[in-house]
Amino acid sequence: MRAFDYIRAGSCKDALAEAETPGTAFIAGGTNLLDLMKHEVMTPARLVDISRLDLRGITLTDAGLRIGAMVSNSDLAADPLVRRHWPLLSRALLAGASGQLRNKATTGGNLLQRTRCYYFYDTAMQCNKREPGSGCAAIGGFNRIHAILGASDACIATHPSDMAVALRALSAEVELLAAGGGRRQVPLAAFYRLPGDTPHVETVLEPGEMIAAVLLPPAEGGRQIYRKVRDRASYAFALVSVAACLRMETGRIAAAALAFGGLAHMPWRSAELEGALIGEAPSPALFDHAADLLLAEAKGQGDNDFKIPLARRTLAAVLAEATAEEGARA
Amino acid sequence: MTREMTHAMTHDGPDTDHRLDGMAQGVLGRPEPRPEGALKVTGRAVYTGDQQVAGMVHGALVRATITRGRVTTLHSAPVLEMPGVLAVIDDARLVRFSGQGATTKPPAGDAAEVVYHGQPVALVVAETLEQARHAALRLRVDYAEEPGAATGPEEPAAEVELPEKKQSVTGEPDAALEAADAVIDRIYRTSSMSSAPMEPHASLAEWQGGKLVLHSTLQMLASAQGQVAAALGIEAEDVRVLAPHVGGGFGSKLGISPETVAAAIAAQRLGRPVSVVCSRPQSMETTSRRSETLQRIQLGADDEGRLTMIGHEALVSNLPGQKFSEPVQQATPFTYEAAHRRVVHRVARVHRLLCASVRAPGESVGATAFECAMDELADKLGMCPVALRLRNIPKLEPGTGRPFSSHKLAEALTTGARRFGWEHRHASLRARREGEWWIGMGMSSLVRVNTVMEAKARVTLSLEGSALVETDMTDIGTGSYAILTQIAAEMLGLPMGSVETVLGDTDLPASSGSGGSFGAASTGSAVYLACLELRSKLAEAMGCPEPELTLKDGHAIHDNRKVPLATLMGGAAMQAEGHLIPGEAEDKARQATWGAAFAEVGVNAVTGEIRVRRMLGTFAIGRVLNAQTARSQALGGMIWGIGMALTEELVHDARDGHIVNRDLAEYHVPVNADVPALEVHFIEERDDWAPMQAKGIGELGICGAGAAIVNAVHNACGVRVRSLPMTVDKVLAGLVEIDAEAQ
Ligand SMILES: Cc1cc2nc3c(=O)[nH]c(=O)nc-3n(C[C@H](O)[C@H](O)[C@H](O)COP(=O)(O)OP(=O)(O)OC[C@H]3O[C@@H](n4cnc5c(N)ncnc54)[C@H](O)[C@@H]3O)c2cc1C
Ligand code: SF4
């Protein structure tokens, strides 16, 4: 591990001022950053510890729910308001990592966790994300967990978060703070970036900017489902996951928001797919059509080809469950 | 003053005395808790990586980033400038990978010669662990690379050898197959696997006046002592190895590993104690692994399910020049009857991490694949899988005609079937559905060869009425402390609390060490023999024949006389050494442990995810020494079966052979949620051919259990996966195919 300076921030203002020095990283729960530092995948010279900042509140406002960046994944999953109105979020969180990790992991840190691409973690391997311009060892290597949508010739990594997939389906926004008092709000949709030629730039976060909160619009009602397919029953990242918020009216789909994990460099959403569902009566043919729209551009890399049929089938099952009549649900 | 005696026994034949059954203390066999358990659960047990000694510094291994070639330059100078860095060790004695078990032959030295990607080539030593690891990552290494090295066993470039002793043909297998009413001819694959013990490989070396004191996390100390000495070019007497607590080994700690030798060399060079604790990736990539296997299994049977032909061909791999090859077909010759047989064993020479023993080398993968083929045969014959196995149990060992020391497979099968509720299994596929889940049942036989190893132990009886058991045996989490204490307590008539067991130090009598399921029976027998000797002396003093002497709660009892032990000891502590020597018993009878595994699984019809819903195992292992630790071993074995069937795969990059998933986040061992309620039933028996009538239990559970799951998956959803682990992608492919056919 590279030696680093450790600064414990007393306030957001201090933290942001400290972060202006290049080579500084925030540390929240540390569950991802410390691993990456031990492997020297990330080598910040300075760490600003923001875990004690007063960003732990979960508050209901007229605009929806405001979740402080330091709220732990465990606390967020257990929050009564979340469980009642945004159960999707709670379920996605509980589908991730392990109890111990969730106790430490934070809302902000979870959004910014890095890919689990094996070659990213192994500093002996070429990786454009770790070392821009060095190449991508995952292409032509073992790429079972990699992307089938939105990948580039430079990087085929996926974003590993479950929480972010739920937040994407819930149309969340992130509140960002910058040194000097700047504050902006960015929809999650615009927060993450596809890899393109710059896979090392994963979000629109500017250097030194900090996530202060995640904001959820009021709950839509209807059914919320999070379904995660993984290699073991717990403590494994998603191969494919589907987050769904879906409302029915008189036998037809009135509202649908669907986000996908495990498929791309960021939680994936398709306006075309959602548009095709609205106003329609549920049927296997409709679900198949939805999957066609989702996967039209899907491209396997060899080991991850199975994600294409897996995503298709999982989506159909989630839609069937979300649109089933009361009492008919399995 | 202490009186010393030795009781040596060569294990040549059966023992029908069953002396342990005549003892009075009543602690043996009971589910006694581990005496060191409290230390472990409160974090006070000191493992190798926890050892702190004054002045110690830390080392980190430097990893080769080529597959094959030679180190030409280590650019040490810039690294030596880094904060805290003390030395860069490149020494011709550094070893390339782990040693094998039960041999004093060290692993290959000259680590500058690179034979696999990830091989350690040097050690960086620094004041702190962090500094050492940082510098090790920064050390630039130049290589003269030899391109074109084969890294996969099925690559055309891989040389394939057929070791002469591992091939055999009986009768006319091809003709028999031709004439058979039902034939199975299938290829099965199992993956490269990691032992993945919780405790990483670690060593702390310190030189004290020309002698090496080595704390090292190892399973077999006496042979490791020899390996270290040979690797360093010193005498074994000048090496003391200590390992009082070992956090799992599963084969990967049978021999020394690169960090062991590196720590010793560095400590010598610097004149300071050096600790080398492997990072998790290095613990997985610099030690050893289980070979992947490709197995072709041919079965011929008549229409009543009597096997007429058994063919078992295997392709395994290892580094060039290595003798060890996963003994896939170890149990194939004797598990089932068949007049015509063929065993073919091929070893591909590949540049991947060394292959060595991983828990249950051989049957773990061999019996698993074989039991899948048996299920396919039962299917073809329309026969109950249990009945098929029962029909083919041999009376004498096929081929040699030797008797079986004991053979409880039939009982294990029938008892297991009854307790599991096997009669509720639907013979037809896809017969039970709950929501999205197909439910099915499967079973398999379990079989594992049994063996004992030479072992010594010393037992001292004090005048205060307590006993001390001493041996260099290890407790790798299995319960050695508990059972050795129990054996002495039972034999000497002492409460458990009056017996202390000291392990894990090569200054103590050399034991069998822990491996191959032989630890408890071998070292336990040495303790038993030492106690038998002490009993003889006590009986002499009591004036009665030893078999008539009752020892209980610190007293000797004969006829109407009951005296405290001390009154028989002539004012001095008594000491005896027990020595078990393996003899002809192993040649005269076929000795094995037997069992059966039953599983009920759910297969998700949409995604192909598999959930084991319940599992039951029956185990015939001779005398059960401790019902609790034995059960834990059986559970662990079955869980390894789940891992092999469903999740565990050490992935090698096809381009350079390096291990891709080098940590526990990506090398998937089953977690709690993957492990349902497991039931364990022991079939009570005494195996006369085993000393103490006790056999091994550490490995039997793995030897077929995975097949019960594979077979259950087929029964549930109709998908037969012949490549393990059965990850979602493989099951899904089958489901997609079946769904397409149905449309
Ligand atoms: C073995 C294992 C299994 C896991 N399984 C899953 C899983 O199945 N699903 C899943 O979703 N996750 C999983 N995780 C990941 C886990 O959810 C993340 O590690 C965790 O959410 C990160 O949160 P943290 O607070 O610890 O972040 P840290 O490690 O502290 O930080 C992560 C990154 O975010 C930055 N950062 C943190 N907070 C802020 C902020 N407020 N503003 C700006 N930057 C910030 C840091 O600088 C760092 O770059 C797993 C992790 C492990 C180790
Ligand atoms: S997929 Fe992306 S993260 Fe993985 S090796 Fe390629 S560039 Fe790096």
# chains A, B, ... in the order shown; residues from 1 in each chain; ligands from 1
$ interface_residues --of "chain A" --to "chain B" --cutoff "9 Å" --atoms "only C-alpha atoms" --output "ChimeraX atom specification"
/A:1-3,38-40,116,118-119,122-125,140-142,229-237,304-307,309-311,313-314,316-317,330
$ residues_around --residues "range 692-699 of chain B" --least-positions-apart "3" --cutoff "6 Å" --atoms "only C-alpha atoms" --output "list in words"
Ala360, Ser517, Phe518, Ala521, Ile621, Gly622, Arg623, Gln633, Gly637, Arg686, Asp687, Asp688 and Ile702 of chain B
$ residues_near_ligand --ligand "ligand 1" --cutoff "6 Å" --atoms "only C-alpha atoms and all ligand atoms" --output "PDB file with N, CA, C and O atoms, in the first residue's frame"
ATOM      1  N   ALA A  25      -8.431  11.795  -2.089  1.00  0.00           N
ATOM      2  CA  ALA A  25      -9.678  11.051  -2.265  1.00  0.00           C
ATOM      3  C   ALA A  25     -10.469  11.115  -0.970  1.00  0.00           C
ATOM      4  O   ALA A  25      -9.900  11.170   0.120  1.00  0.00           O
ATOM      5  N   PHE A  26     -11.782  11.115  -1.105  1.00  0.00           N
ATOM      6  CA  PHE A  26     -12.630  10.985   0.080  1.00  0.00           C
ATOM      7  C   PHE A  26     -12.670   9.520   0.473  1.00  0.00           C
ATOM      8  O   PHE A  26     -12.678   8.630  -0.378  1.00  0.00           O
ATOM      9  N   ILE A  27     -12.718   9.294   1.760  1.00  0.00           N
ATOM     10  CA  ILE A  27     -12.995   7.928   2.201  1.00  0.00           C
ATOM     11  C   ILE A  27     -14.240   7.948   3.071  1.00  0.00           C
ATOM     12  O   ILE A  27     -14.357   8.764   3.982  1.00  0.00           O
ATOM     13  N   ALA A  28     -15.185   7.073   2.722  1.00  0.00           N
ATOM     14  CA  ALA A  28     -16.423   6.990   3.496  1.00  0.00           C
ATOM     15  C   ALA A  28     -16.373   5.688   4.297  1.00  0.00           C
ATOM     16  O   ALA A  28     -15.642   5.603   5.277  1.00  0.00           O
ATOM     17  N   GLY A  29     -17.077   4.650   3.856  1.00  0.00           N
ATOM     18  CA  GLY A  29     -17.008   3.369   4.574  1.00  0.00           C
ATOM     19  C   GLY A  29     -15.674   2.666   4.343  1.00  0.00           C
ATOM     20  O   GLY A  29     -15.243   1.828   5.129  1.00  0.00           O
ATOM     21  N   GLY A  30     -15.058   2.972   3.247  1.00  0.00           N
ATOM     22  CA  GLY A  30     -13.750   2.379   2.942  1.00  0.00           C
ATOM     23  C   GLY A  30     -13.811   0.951   2.425  1.00  0.00           C
ATOM     24  O   GLY A  30     -12.780   0.342   2.151  1.00  0.00           O
ATOM     25  N   THR A  31     -14.998   0.411   2.258  1.00  0.00           N
ATOM     26  CA  THR A  31     -15.093  -1.017   1.910  1.00  0.00           C
ATOM     27  C   THR A  31     -14.616  -1.305   0.489  1.00  0.00           C
ATOM     28  O   THR A  31     -14.233  -2.420   0.180  1.00  0.00           O
ATOM     29  N   ASN A  32     -14.634  -0.305  -0.349  1.00  0.00           N
ATOM     30  CA  ASN A  32     -14.111  -0.508  -1.701  1.00  0.00           C
ATOM     31  C   ASN A  32     -12.750   0.151  -1.848  1.00  0.00           C
ATOM     32  O   ASN A  32     -11.791  -0.439  -2.333  1.00  0.00           O
ATOM     33  N   LEU A  33     -12.664   1.367  -1.354  1.00  0.00           N
ATOM     34  CA  LEU A  33     -11.436   2.141  -1.547  1.00  0.00           C
ATOM     35  C   LEU A  33     -10.228   1.457  -0.898  1.00  0.00           C
ATOM     36  O   LEU A  33      -9.144   1.402  -1.489  1.00  0.00           O
ATOM     37  N   ALA A  69     -25.462  11.379   2.211  1.00  0.00           N
ATOM     38  CA  ALA A  69     -24.454  10.534   1.566  1.00  0.00           C
ATOM     39  C   ALA A  69     -23.804   9.554   2.536  1.00  0.00           C
ATOM     40  O   ALA A  69     -23.273   8.521   2.120  1.00  0.00           O
ATOM     41  N   GLY A  96     -27.232  -6.871  -1.877  1.00  0.00           N
ATOM     42  CA  GLY A  96     -25.819  -6.591  -2.143  1.00  0.00           C
ATOM     43  C   GLY A  96     -24.920  -6.921  -0.977  1.00  0.00           C
ATOM     44  O   GLY A  96     -25.325  -6.865   0.191  1.00  0.00           O
ATOM     45  N   ALA A  97     -23.698  -7.302  -1.304  1.00  0.00           N
ATOM     46  CA  ALA A  97     -22.608  -7.494  -0.339  1.00  0.00           C
ATOM     47  C   ALA A  97     -23.031  -8.408   0.817  1.00  0.00           C
ATOM     48  O   ALA A  97     -23.732  -9.388   0.610  1.00  0.00           O
ATOM     49  N   LYS A 104     -20.919  -0.823   7.020  1.00  0.00           N
ATOM     50  CA  LYS A 104     -19.882   0.185   6.799  1.00  0.00           C
ATOM     51  C   LYS A 104     -20.152   1.002   5.538  1.00  0.00           C
ATOM     52  O   LYS A 104     -19.849   2.184   5.490  1.00  0.00           O
ATOM     53  N   ALA A 105     -20.677   0.356   4.527  1.00  0.00           N
ATOM     54  CA  ALA A 105     -20.830   1.003   3.220  1.00  0.00           C
ATOM     55  C   ALA A 105     -21.827   2.151   3.301  1.00  0.00           C
ATOM     56  O   ALA A 105     -22.831   2.061   3.999  1.00  0.00           O
ATOM     57  N   THR A 106     -21.542   3.213   2.547  1.00  0.00           N
ATOM     58  CA  THR A 106     -22.401   4.395   2.581  1.00  0.00           C
ATOM     59  C   THR A 106     -23.105   4.600   1.249  1.00  0.00           C
ATOM     60  O   THR A 106     -22.724   4.012   0.226  1.00  0.00           O
ATOM     61  N   GLY A 108     -23.167   7.334  -0.626  1.00  0.00           N
ATOM     62  CA  GLY A 108     -22.279   7.978  -1.602  1.00  0.00           C
ATOM     63  C   GLY A 108     -21.232   7.008  -2.125  1.00  0.00           C
ATOM     64  O   GLY A 108     -20.982   6.919  -3.324  1.00  0.00           O
ATOM     65  N   GLY A 109     -20.621   6.272  -1.208  1.00  0.00           N
ATOM     66  CA  GLY A 109     -19.579   5.313  -1.589  1.00  0.00           C
ATOM     67  C   GLY A 109     -20.127   4.228  -2.493  1.00  0.00           C
ATOM     68  O   GLY A 109     -19.465   3.790  -3.444  1.00  0.00           O
ATOM     69  N   ASN A 110     -21.343   3.790  -2.214  1.00  0.00           N
ATOM     70  CA  ASN A 110     -21.931   2.735  -3.022  1.00  0.00           C
ATOM     71  C   ASN A 110     -22.078   3.191  -4.481  1.00  0.00           C
ATOM     72  O   ASN A 110     -21.752   2.450  -5.411  1.00  0.00           O
ATOM     73  N   LEU A 112     -20.269   5.209  -6.000  1.00  0.00           N
ATOM     74  CA  LEU A 112     -18.969   5.416  -6.644  1.00  0.00           C
ATOM     75  C   LEU A 112     -18.057   4.200  -6.573  1.00  0.00           C
ATOM     76  O   LEU A 112     -16.882   4.276  -6.922  1.00  0.00           O
ATOM     77  N   GLN A 113     -18.568   3.087  -6.129  1.00  0.00           N
ATOM     78  CA  GLN A 113     -17.734   1.881  -6.114  1.00  0.00           C
ATOM     79  C   GLN A 113     -17.296   1.578  -7.533  1.00  0.00           C
ATOM     80  O   GLN A 113     -17.996   1.842  -8.493  1.00  0.00           O
ATOM     81  N   PRO A 160     -20.948  -2.331 -10.654  1.00  0.00           N
ATOM     82  CA  PRO A 160     -21.368  -3.447  -9.811  1.00  0.00           C
ATOM     83  C   PRO A 160     -22.504  -3.161  -8.841  1.00  0.00           C
ATOM     84  O   PRO A 160     -23.026  -4.082  -8.227  1.00  0.00           O
ATOM     85  N   SER A 161     -22.901  -1.924  -8.687  1.00  0.00           N
ATOM     86  CA  SER A 161     -23.830  -1.601  -7.596  1.00  0.00           C
ATOM     87  C   SER A 161     -25.245  -2.122  -7.845  1.00  0.00           C
ATOM     88  O   SER A 161     -25.791  -1.988  -8.938  1.00  0.00           O
ATOM     89  N   ASP A 162     -25.848  -2.660  -6.804  1.00  0.00           N
ATOM     90  CA  ASP A 162     -27.278  -2.986  -6.831  1.00  0.00           C
ATOM     91  C   ASP A 162     -28.111  -1.753  -6.515  1.00  0.00           C
ATOM     92  O   ASP A 162     -29.134  -1.500  -7.144  1.00  0.00           O
ATOM     93  N   MET A 163     -27.646  -1.018  -5.510  1.00  0.00           N
ATOM     94  CA  MET A 163     -28.388   0.159  -5.075  1.00  0.00           C
ATOM     95  C   MET A 163     -28.612   1.130  -6.229  1.00  0.00           C
ATOM     96  O   MET A 163     -29.700   1.682  -6.408  1.00  0.00           O
ATOM     97  N   MET A 210     -18.057  16.522  -4.055  1.00  0.00           N
ATOM     98  CA  MET A 210     -18.483  15.495  -3.111  1.00  0.00           C
ATOM     99  C   MET A 210     -19.984  15.231  -3.274  1.00  0.00           C
ATOM    100  O   MET A 210     -20.751  16.151  -3.552  1.00  0.00           O
ATOM    101  N   ILE A 211     -20.354  13.998  -3.106  1.00  0.00           N
ATOM    102  CA  ILE A 211     -21.792  13.695  -3.084  1.00  0.00           C
ATOM    103  C   ILE A 211     -22.298  14.031  -1.692  1.00  0.00           C
ATOM    104  O   ILE A 211     -21.754  13.533  -0.692  1.00  0.00           O
ATOM    105  N   ALA A 212     -23.330  14.862  -1.619  1.00  0.00           N
ATOM    106  CA  ALA A 212     -23.889  15.216  -0.311  1.00  0.00           C
ATOM    107  C   ALA A 212     -25.134  14.394  -0.013  1.00  0.00           C
ATOM    108  O   ALA A 212     -25.392  14.048   1.139  1.00  0.00           O
ATOM    109  N   TYR A 235     -23.793 -12.688  -1.375  1.00  0.00           N
ATOM    110  CA  TYR A 235     -22.395 -12.295  -1.394  1.00  0.00           C
ATOM    111  C   TYR A 235     -21.756 -12.522  -2.755  1.00  0.00           C
ATOM    112  O   TYR A 235     -20.673 -13.062  -2.870  1.00  0.00           O
ATOM    113  N   ALA A 236     -22.497 -12.149  -3.776  1.00  0.00           N
ATOM    114  CA  ALA A 236     -21.935 -12.180  -5.126  1.00  0.00           C
ATOM    115  C   ALA A 236     -22.586 -11.043  -5.893  1.00  0.00           C
ATOM    116  O   ALA A 236     -23.741 -10.690  -5.646  1.00  0.00           O
ATOM    117  N   PHE A 237     -21.833 -10.487  -6.833  1.00  0.00           N
ATOM    118  CA  PHE A 237     -22.357  -9.382  -7.622  1.00  0.00           C
ATOM    119  C   PHE A 237     -23.359  -9.906  -8.644  1.00  0.00           C
ATOM    120  O   PHE A 237     -23.357 -11.087  -8.987  1.00  0.00           O
TER     121      PHE A 237
ATOM    122  N   ALA B 665     -13.843 -12.854  -3.134  1.00  0.00           N
ATOM    123  CA  ALA B 665     -15.023 -12.224  -3.708  1.00  0.00           C
ATOM    124  C   ALA B 665     -15.349 -12.883  -5.041  1.00  0.00           C
ATOM    125  O   ALA B 665     -16.509 -13.024  -5.405  1.00  0.00           O
TER     126      ALA B 665
END
$ residues_near_ligand --ligand "ligand 2" --cutoff "12 Å" --atoms "only C-alpha atoms and all ligand atoms" --output "PyMOL selection string"
(chain A and resi 41+114-148+150-160+194-202+264-265+301) or (chain B and resi 660)
$ select_by_dssp --residues "range 14-149 of chain A" --states "alpha helix (DSSP H)" --output "PyMOL selection string"
chain A and resi 14-18+33-38+73-78+80-85+87-94+99-104+107-112+118-121
$ residues_around --residues "Phe97 in chain B" --least-positions-apart "5" --cutoff "8 Å" --atoms "only C-alpha atoms" --output "short mmCIF file (atom, residue, chain, number, x, y, z; two decimals) with N, CA, C and O atoms, in the first residue's frame"
data_model
loop_
_atom_site.label_atom_id
_atom_site.label_comp_id
_atom_site.auth_asym_id
_atom_site.auth_seq_id
_atom_site.Cartn_x
_atom_site.Cartn_y
_atom_site.Cartn_z
N PRO B 107 10.22 -28.29 -2.74
CA PRO B 107 9.79 -27.86 -4.07
C PRO B 107 10.99 -27.30 -4.84
O PRO B 107 12.01 -26.93 -4.23
N ALA B 108 10.85 -27.19 -6.16
CA ALA B 108 11.95 -26.74 -7.00
C ALA B 108 12.43 -25.36 -6.60
O ALA B 108 11.63 -24.45 -6.37
N GLN B 119 4.32 -16.75 -10.39
CA GLN B 119 5.36 -17.39 -9.57
C GLN B 119 6.17 -16.32 -8.82
O GLN B 119 6.56 -15.31 -9.39
N PRO B 120 6.47 -16.57 -7.54
CA PRO B 120 7.33 -15.62 -6.84
C PRO B 120 8.75 -15.71 -7.40
O PRO B 120 9.25 -16.81 -7.63
N SER B 257 5.69 -23.60 1.52
CA SER B 257 5.37 -22.81 0.33
C SER B 257 6.45 -21.74 0.14
O SER B 257 7.33 -21.59 0.99
N PRO B 258 6.40 -21.01 -0.97
CA PRO B 258 7.50 -20.08 -1.28
C PRO B 258 7.80 -19.11 -0.14
O PRO B 258 8.95 -18.77 0.11
N THR B 286 0.42 -18.68 -5.47
CA THR B 286 1.82 -19.10 -5.36
C THR B 286 1.98 -20.44 -4.67
O THR B 286 3.09 -20.87 -4.39
N THR B 287 0.89 -21.12 -4.37
CA THR B 287 0.98 -22.33 -3.54
C THR B 287 0.69 -23.59 -4.37
O THR B 287 1.60 -24.17 -4.94
N SER B 288 -0.56 -23.99 -4.43
CA SER B 288 -0.93 -25.15 -5.22
C SER B 288 -2.42 -25.12 -5.47
O SER B 288 -3.14 -24.34 -4.88
N LEU B 353 -0.12 -22.78 -12.24
CA LEU B 353 0.27 -23.07 -10.86
C LEU B 353 0.32 -24.58 -10.60
O LEU B 353 -0.53 -25.33 -11.10
N LEU B 354 1.27 -25.00 -9.80
CA LEU B 354 1.45 -26.40 -9.41
C LEU B 354 0.13 -27.07 -9.00
O LEU B 354 -0.69 -26.48 -8.31
#
$ residues_around --residues "range 169-180 of chain A" --least-positions-apart "4" --cutoff "7 Å" --atoms "only C-alpha atoms" --output "JSON, numbers by chain"
{"A": [16, 17, 165, 184, 185, 186, 187, 188, 208, 209, 210, 211, 212, 213, 214, 215, 216, 217, 243, 244, 245, 257, 258, 259]}
$ write_last_selection --atoms "N, CA and C atoms" --output "CSV table (one decimal), in the first residue's frame"
chain,number,residue,atom,x,y,z
A,16,LEU,N,-14.2,19.8,1.6
A,16,LEU,CA,-14.1,20.2,0.3
A,16,LEU,C,-12.9,21.1,0.1
A,17,ALA,N,-12.5,21.8,1.1
A,17,ALA,CA,-11.3,22.6,0.9
A,17,ALA,C,-10.1,21.7,0.8
A,165,VAL,N,-28.9,0.6,-9.3
A,165,VAL,CA,-29.9,0.1,-10.3
A,165,VAL,C,-31.3,0.5,-9.8
A,184,ARG,N,-24.9,21.4,-7.0
A,184,ARG,CA,-25.7,21.1,-8.2
A,184,ARG,C,-26.4,19.8,-8.0
A,185,GLN,N,-27.4,19.6,-8.8
A,185,GLN,CA,-28.2,18.4,-8.7
A,185,GLN,C,-28.2,17.8,-10.0
A,186,VAL,N,-27.8,16.5,-10.1
A,186,VAL,CA,-27.7,15.8,-11.3
A,186,VAL,C,-28.5,14.5,-11.3
A,187,PRO,N,-29.4,14.3,-12.3
A,187,PRO,CA,-30.1,13.1,-12.4
A,187,PRO,C,-29.1,11.9,-12.5
A,188,LEU,N,-29.4,10.8,-11.9
A,188,LEU,CA,-28.5,9.7,-11.9
A,188,LEU,C,-28.2,9.3,-13.4
A,208,GLY,N,-12.6,16.8,-6.7
A,208,GLY,CA,-12.9,17.6,-5.5
A,208,GLY,C,-14.4,17.7,-5.1
A,209,GLU,N,-15.2,17.4,-6.0
A,209,GLU,CA,-16.6,17.4,-5.8
A,209,GLU,C,-17.1,16.3,-4.9
A,210,MET,N,-18.1,16.5,-4.1
A,210,MET,CA,-18.5,15.5,-3.1
A,210,MET,C,-20.0,15.2,-3.3
A,211,ILE,N,-20.4,14.0,-3.1
A,211,ILE,CA,-21.8,13.7,-3.1
A,211,ILE,C,-22.3,14.0,-1.7
A,212,ALA,N,-23.3,14.9,-1.6
A,212,ALA,CA,-23.9,15.2,-0.3
A,212,ALA,C,-25.1,14.4,0.0
A,213,ALA,N,-25.9,14.1,-1.1
A,213,ALA,CA,-27.2,13.4,-0.8
A,213,ALA,C,-27.7,12.8,-2.1
A,214,VAL,N,-28.6,11.9,-1.9
A,214,VAL,CA,-29.4,11.3,-3.0
A,214,VAL,C,-30.8,11.7,-2.8
A,215,LEU,N,-31.5,12.2,-3.8
A,215,LEU,CA,-32.9,12.6,-3.7
A,215,LEU,C,-33.8,11.8,-4.5
A,216,LEU,N,-34.8,11.3,-3.9
A,216,LEU,CA,-35.8,10.5,-4.6
A,216,LEU,C,-37.1,11.3,-4.8
A,217,PRO,N,-37.6,11.3,-6.0
A,217,PRO,CA,-39.0,11.9,-6.1
A,217,PRO,C,-40.0,11.1,-5.4
A,243,ALA,N,-34.6,-3.9,-11.9
A,243,ALA,CA,-35.3,-3.1,-11.0
A,243,ALA,C,-36.6,-2.6,-11.7
A,244,ALA,N,-37.7,-2.9,-11.1
A,244,ALA,CA,-39.0,-2.5,-11.8
A,244,ALA,C,-39.9,-1.7,-10.9
A,245,CYS,N,-40.5,-0.6,-11.4
A,245,CYS,CA,-41.6,0.1,-10.7
A,245,CYS,C,-42.7,0.1,-11.8
A,257,ALA,N,-41.1,1.9,-15.0
A,257,ALA,CA,-39.7,2.3,-15.0
A,257,ALA,C,-38.9,1.0,-14.7
A,258,LEU,N,-37.9,0.8,-15.6
A,258,LEU,CA,-37.1,-0.5,-15.5
A,258,LEU,C,-35.7,-0.1,-15.6
A,259,ALA,N,-34.9,-0.6,-14.7
A,259,ALA,CA,-33.4,-0.4,-14.8
A,259,ALA,C,-32.8,-1.7,-14.7
